[in-house]
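Structure first, commentary second.
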Amino acid sequence: MLAGIKDILVISTLKDIPRFKDLLGDGKDLGMNLSYAIQQEPRGIAESFIVGEEFIGTESVSLILGDNLFYGQNLTGLLQEASGLKQGSIVFGYYVTDPQRYGVIEFDENKNVITIEEKPRIPKSNWAVTGLYFYDNNVVNIAKSLKPSARGELEITDVNCQYLKSGKLKVKLLGRGYAWLDTGTSNALIDASMFIKTIEDRQGLKIGCVEEVAYNMGYIDKKQLYLLAEKMNTDYGEYLIRIADEKR
């Protein structure tokens, strides 16, 4: 949403898609258009572009993994810059202590990307590719051309390597001041929850409040924000009312 993207395809399992639909609906209340698609089996992140081919059409596309959380003051500017992509690919790198869990970026002495290796046993750097990607429309055909890895999956790292090989991959590094949390494990989910709670309690501002983002981005007006708040007899609803009241 912060990137200015209003057309979103949610891809999940047959079991979970109904839950997302119940929670998010068609997105109209947020001034957006939400669609849904089922990935029948866990055949890799890159299969998302095949599943979503009709939705993508002739446009460029962004992919974000559902268990990734990003936070940082200048993040909106980076996202809006990336969303203007017409050719090639933009991915984001983040320094981690456990790079063997991720796709790892190798740089030369001039910080040019040499390789990206998926879950290496001996990582060539501590810079991991995050779960946020921007691609031109060629990504659909690239995904179709991939062969499954030893894990039986279409690897997103293989997509990135094809863009790198053609000289069309840009890596933007998220340095100090940014947080990237991968909540794919129970411990990581607890860490992310504590991180969010600490900041929200300190500042009194919500992280990832989709109604607030929609309002600030001009997707909905103040009247709609009040209507959304009135549906929630909770602290969250009171927060939305406060946001609307503060910007009269």
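Residue names in the structure tokens use chain letters A, B, ... in the order shown, residue numbers from 1 in each chain, and ligand numbers from 1 in the order shown.
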
Practice problem: Enumerate the residues of region 20-197 of chain A with a DSSP assignment of strand (DSSP E or B), computed from the backbone, and present them as a VMD selection string. | Solution: chain A and resid 33 to 38 61 to 64 68 to 71 89 to 95 103 to 107 113 to 118 127 to 135 169 to 174 179 to 182

Exercise. As a count of residues only, list the residues of region 47-220 of chain A assigned to alpha helix (DSSP H) by DSSP on the backbone atoms of this structure.
Key: 59

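Near Tyr102 (chain A), within 8 Å and counting only C-alpha atoms, sit Glu118, Lys119, Pro120, Ala128 and Val129 of chain A; same-chain residues fewer than 4 positions away were not included.
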
Tell me, as a PDB file with C-alpha atoms, in the first residue's frame, which residues lie within 6 Å of region 29-46 of chain A, counting only C-alpha atoms; anything in the same chain fewer than 3 positions away does not count.
```
ATOM      1  CA  LYS A   6      -3.900  -0.669  -5.096  1.00  0.00           C
ATOM      2  CA  ASP A   7      -4.429  -3.928  -6.997  1.00  0.00           C
ATOM      3  CA  ILE A   8      -3.351  -6.894  -4.880  1.00  0.00           C
ATOM      4  CA  LEU A   9      -3.536 -10.647  -5.393  1.00  0.00           C
ATOM      5  CA  VAL A  10      -3.430 -12.753  -2.227  1.00  0.00           C
ATOM      6  CA  ILE A  11      -2.034 -16.240  -2.914  1.00  0.00           C
ATOM      7  CA  SER A  12      -2.439 -18.939  -0.303  1.00  0.00           C
ATOM      8  CA  THR A  13      -3.698 -22.474   0.250  1.00  0.00           C
ATOM      9  CA  LEU A  14      -7.183 -23.822  -0.388  1.00  0.00           C
ATOM     10  CA  ASP A  26     -12.641  -7.250  -1.800  1.00  0.00           C
ATOM     11  CA  ALA A 143       9.191 -18.254 -13.806  1.00  0.00           C
ATOM     12  CA  GLU A 153      10.405 -25.932  -5.800  1.00  0.00           C
ATOM     13  CA  LEU A 154      10.642 -23.057  -8.260  1.00  0.00           C
ATOM     14  CA  GLU A 155      13.173 -20.913  -6.435  1.00  0.00           C
ATOM     15  CA  ILE A 156      12.888 -17.129  -6.313  1.00  0.00           C
ATOM     16  CA  ALA A 214      -5.265   3.892   3.134  1.00  0.00           C
ATOM     17  CA  TYR A 219      -7.286   5.817  -0.959  1.00  0.00           C
ATOM     18  CA  ILE A 220     -10.168   6.667   1.394  1.00  0.00           C
TER      19      ILE A 220
END
```

Quiz prompt | Spatial neighbours of Glu81 (chain A), max dist 10 Å, only C-alpha atoms, sep filter under 3 positions, as a VMD selection string | solution = chain A and resid 3 to 4 75 to 78 84 to 85 90

Exercise. Excluding Tyr163 (chain A) and any residue of its chain fewer than 4 positions from it, enumerate the residues within 7 Å of it, using only C-alpha atoms, and give them as a count of residues only.
Key: 6

Quiz prompt | Nearest candidate to Asn126 (chain A) (options A:Ala192, A:Ile105, A:Met232, A:Ile114; using only C-alpha atoms) | solution = A:Ile105

Contacts of region 193-204 of chain A at 10 Å (only C-alpha atoms; same-chain gap of 3+ positions) as an mmCIF file with all heavy atoms, in the first residue's frame:
```
data_model
loop_
_atom_site.group_PDB
_atom_site.id
_atom_site.type_symbol
_atom_site.label_atom_id
_atom_site.label_comp_id
_atom_site.auth_asym_id
_atom_site.auth_seq_id
_atom_site.Cartn_x
_atom_site.Cartn_y
_atom_site.Cartn_z
ATOM 1 N N LEU A 69 8.105 -8.720 7.699
ATOM 2 C CA LEU A 69 7.734 -7.432 8.265
ATOM 3 C C LEU A 69 8.881 -6.452 8.037
ATOM 4 O O LEU A 69 10.036 -6.769 8.328
ATOM 5 C CB LEU A 69 7.441 -7.573 9.760
ATOM 6 C CG LEU A 69 6.913 -6.349 10.507
ATOM 7 C CD1 LEU A 69 6.029 -6.798 11.665
ATOM 8 C CD2 LEU A 69 8.044 -5.472 11.052
ATOM 9 N N TYR A 71 10.214 -2.274 8.534
ATOM 10 C CA TYR A 71 9.970 -1.056 9.298
ATOM 11 C C TYR A 71 11.158 -0.115 9.120
ATOM 12 O O TYR A 71 12.310 -0.544 9.175
ATOM 13 C CB TYR A 71 9.791 -1.380 10.784
ATOM 14 C CG TYR A 71 9.481 -0.190 11.646
ATOM 15 C CD1 TYR A 71 8.186 0.317 11.721
ATOM 16 C CD2 TYR A 71 10.484 0.437 12.384
ATOM 17 C CE1 TYR A 71 7.895 1.418 12.516
ATOM 18 C CE2 TYR A 71 10.200 1.535 13.184
ATOM 19 C CZ TYR A 71 8.906 2.018 13.246
ATOM 20 O OH TYR A 71 8.620 3.117 14.029
ATOM 21 N N ALA A 179 14.352 -2.231 9.936
ATOM 22 C CA ALA A 179 14.137 -3.548 10.537
ATOM 23 C C ALA A 179 13.464 -4.444 9.515
ATOM 24 O O ALA A 179 12.497 -4.049 8.868
ATOM 25 C CB ALA A 179 13.262 -3.435 11.786
ATOM 26 N N LEU A 181 12.017 -8.330 9.642
ATOM 27 C CA LEU A 181 11.752 -9.481 10.485
ATOM 28 C C LEU A 181 11.062 -10.553 9.656
ATOM 29 O O LEU A 181 10.024 -10.309 9.048
ATOM 30 C CB LEU A 181 10.871 -9.084 11.675
ATOM 31 C CG LEU A 181 11.454 -7.974 12.567
ATOM 32 C CD1 LEU A 181 10.450 -7.588 13.636
ATOM 33 C CD2 LEU A 181 12.763 -8.414 13.203
ATOM 34 N N THR A 183 9.100 -13.779 10.016
ATOM 35 C CA THR A 183 8.378 -14.426 11.108
ATOM 36 C C THR A 183 8.008 -15.870 10.780
ATOM 37 O O THR A 183 6.947 -16.353 11.181
ATOM 38 C CB THR A 183 7.113 -13.635 11.466
ATOM 39 O OG1 THR A 183 6.217 -13.633 10.337
ATOM 40 C CG2 THR A 183 7.455 -12.202 11.805
ATOM 41 N N ASN A 187 9.548 -18.655 17.261
ATOM 42 C CA ASN A 187 10.372 -17.713 18.014
ATOM 43 C C ASN A 187 10.462 -16.368 17.300
ATOM 44 O O ASN A 187 10.421 -15.309 17.937
ATOM 45 C CB ASN A 187 11.772 -18.279 18.246
ATOM 46 C CG ASN A 187 11.798 -19.347 19.318
ATOM 47 O OD1 ASN A 187 10.905 -19.412 20.166
ATOM 48 N ND2 ASN A 187 12.816 -20.198 19.294
ATOM 49 N N ALA A 188 10.595 -16.418 15.976
ATOM 50 C CA ALA A 188 10.678 -15.178 15.201
ATOM 51 C C ALA A 188 9.370 -14.401 15.278
ATOM 52 O O ALA A 188 9.366 -13.159 15.297
ATOM 53 C CB ALA A 188 11.032 -15.490 13.753
ATOM 54 N N LEU A 189 8.246 -15.106 15.328
ATOM 55 C CA LEU A 189 6.947 -14.445 15.450
ATOM 56 C C LEU A 189 6.822 -13.749 16.799
ATOM 57 O O LEU A 189 6.307 -12.619 16.887
ATOM 58 C CB LEU A 189 5.829 -15.469 15.281
ATOM 59 C CG LEU A 189 4.396 -14.926 15.275
ATOM 60 C CD1 LEU A 189 4.196 -13.917 14.153
ATOM 61 C CD2 LEU A 189 3.395 -16.068 15.153
ATOM 62 N N ILE A 190 7.315 -14.378 17.845
ATOM 63 C CA ILE A 190 7.313 -13.751 19.169
ATOM 64 C C ILE A 190 8.200 -12.515 19.171
ATOM 65 O O ILE A 190 7.831 -11.455 19.700
ATOM 66 C CB ILE A 190 7.789 -14.757 20.239
ATOM 67 C CG1 ILE A 190 6.754 -15.877 20.398
ATOM 68 C CG2 ILE A 190 8.019 -14.058 21.584
ATOM 69 C CD1 ILE A 190 7.226 -17.017 21.277
ATOM 70 N N ILE A 207 1.637 0.069 13.888
ATOM 71 C CA ILE A 207 2.450 -0.392 12.766
ATOM 72 C C ILE A 207 1.588 -1.307 11.905
ATOM 73 O O ILE A 207 0.944 -2.220 12.417
ATOM 74 C CB ILE A 207 3.700 -1.136 13.257
ATOM 75 C CG1 ILE A 207 4.619 -0.190 14.033
ATOM 76 C CG2 ILE A 207 4.457 -1.769 12.099
ATOM 77 C CD1 ILE A 207 5.830 -0.867 14.634
ATOM 78 N N GLY A 208 1.577 -1.054 10.608
ATOM 79 C CA GLY A 208 0.815 -1.914 9.708
ATOM 80 C C GLY A 208 -0.685 -1.735 9.826
ATOM 81 O O GLY A 208 -1.438 -2.674 9.568
ATOM 82 N N TYR A 239 -8.383 3.985 18.075
ATOM 83 C CA TYR A 239 -7.165 4.533 17.457
ATOM 84 C C TYR A 239 -7.491 5.174 16.110
ATOM 85 O O TYR A 239 -7.013 6.281 15.806
ATOM 86 C CB TYR A 239 -6.132 3.423 17.282
ATOM 87 C CG TYR A 239 -4.903 3.850 16.501
ATOM 88 C CD1 TYR A 239 -3.897 4.594 17.105
ATOM 89 C CD2 TYR A 239 -4.754 3.513 15.152
ATOM 90 C CE1 TYR A 239 -2.777 4.990 16.394
ATOM 91 C CE2 TYR A 239 -3.629 3.903 14.436
ATOM 92 C CZ TYR A 239 -2.650 4.642 15.062
ATOM 93 O OH TYR A 239 -1.551 5.046 14.352
#
```

Quiz item: When you draw a straight line from CA of Ile56 (chain A) to CA of Asn137 (chain A), how long is it in Å?
Solution: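 Answer for the CA of Ile56 (chain A) to CA of Asn137 (chain A) separation: 7.8 Å.
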
Quiz item: Of the candidates A:Ile50, A:Leu132, A:Ala244, A:Val139, which one gets nearest to Trp180 (chain A) if we count only C-alpha atoms?
Solution: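 Closest residue, counting only C-alpha atoms: A:Leu132.
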
Quiz item: Taking only C-alpha atoms into account, which of A:Leu240, A:Cys161, A:Val51, A:Ala150 comes nearest Gln224 (chain A)?
Solution: A:Leu240

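Using only C-alpha atoms, the smallest distance between any of A:Leu2, A:Val96, A:Val171, A:Leu65 and Ile116 (chain A) comes from A:Val171.
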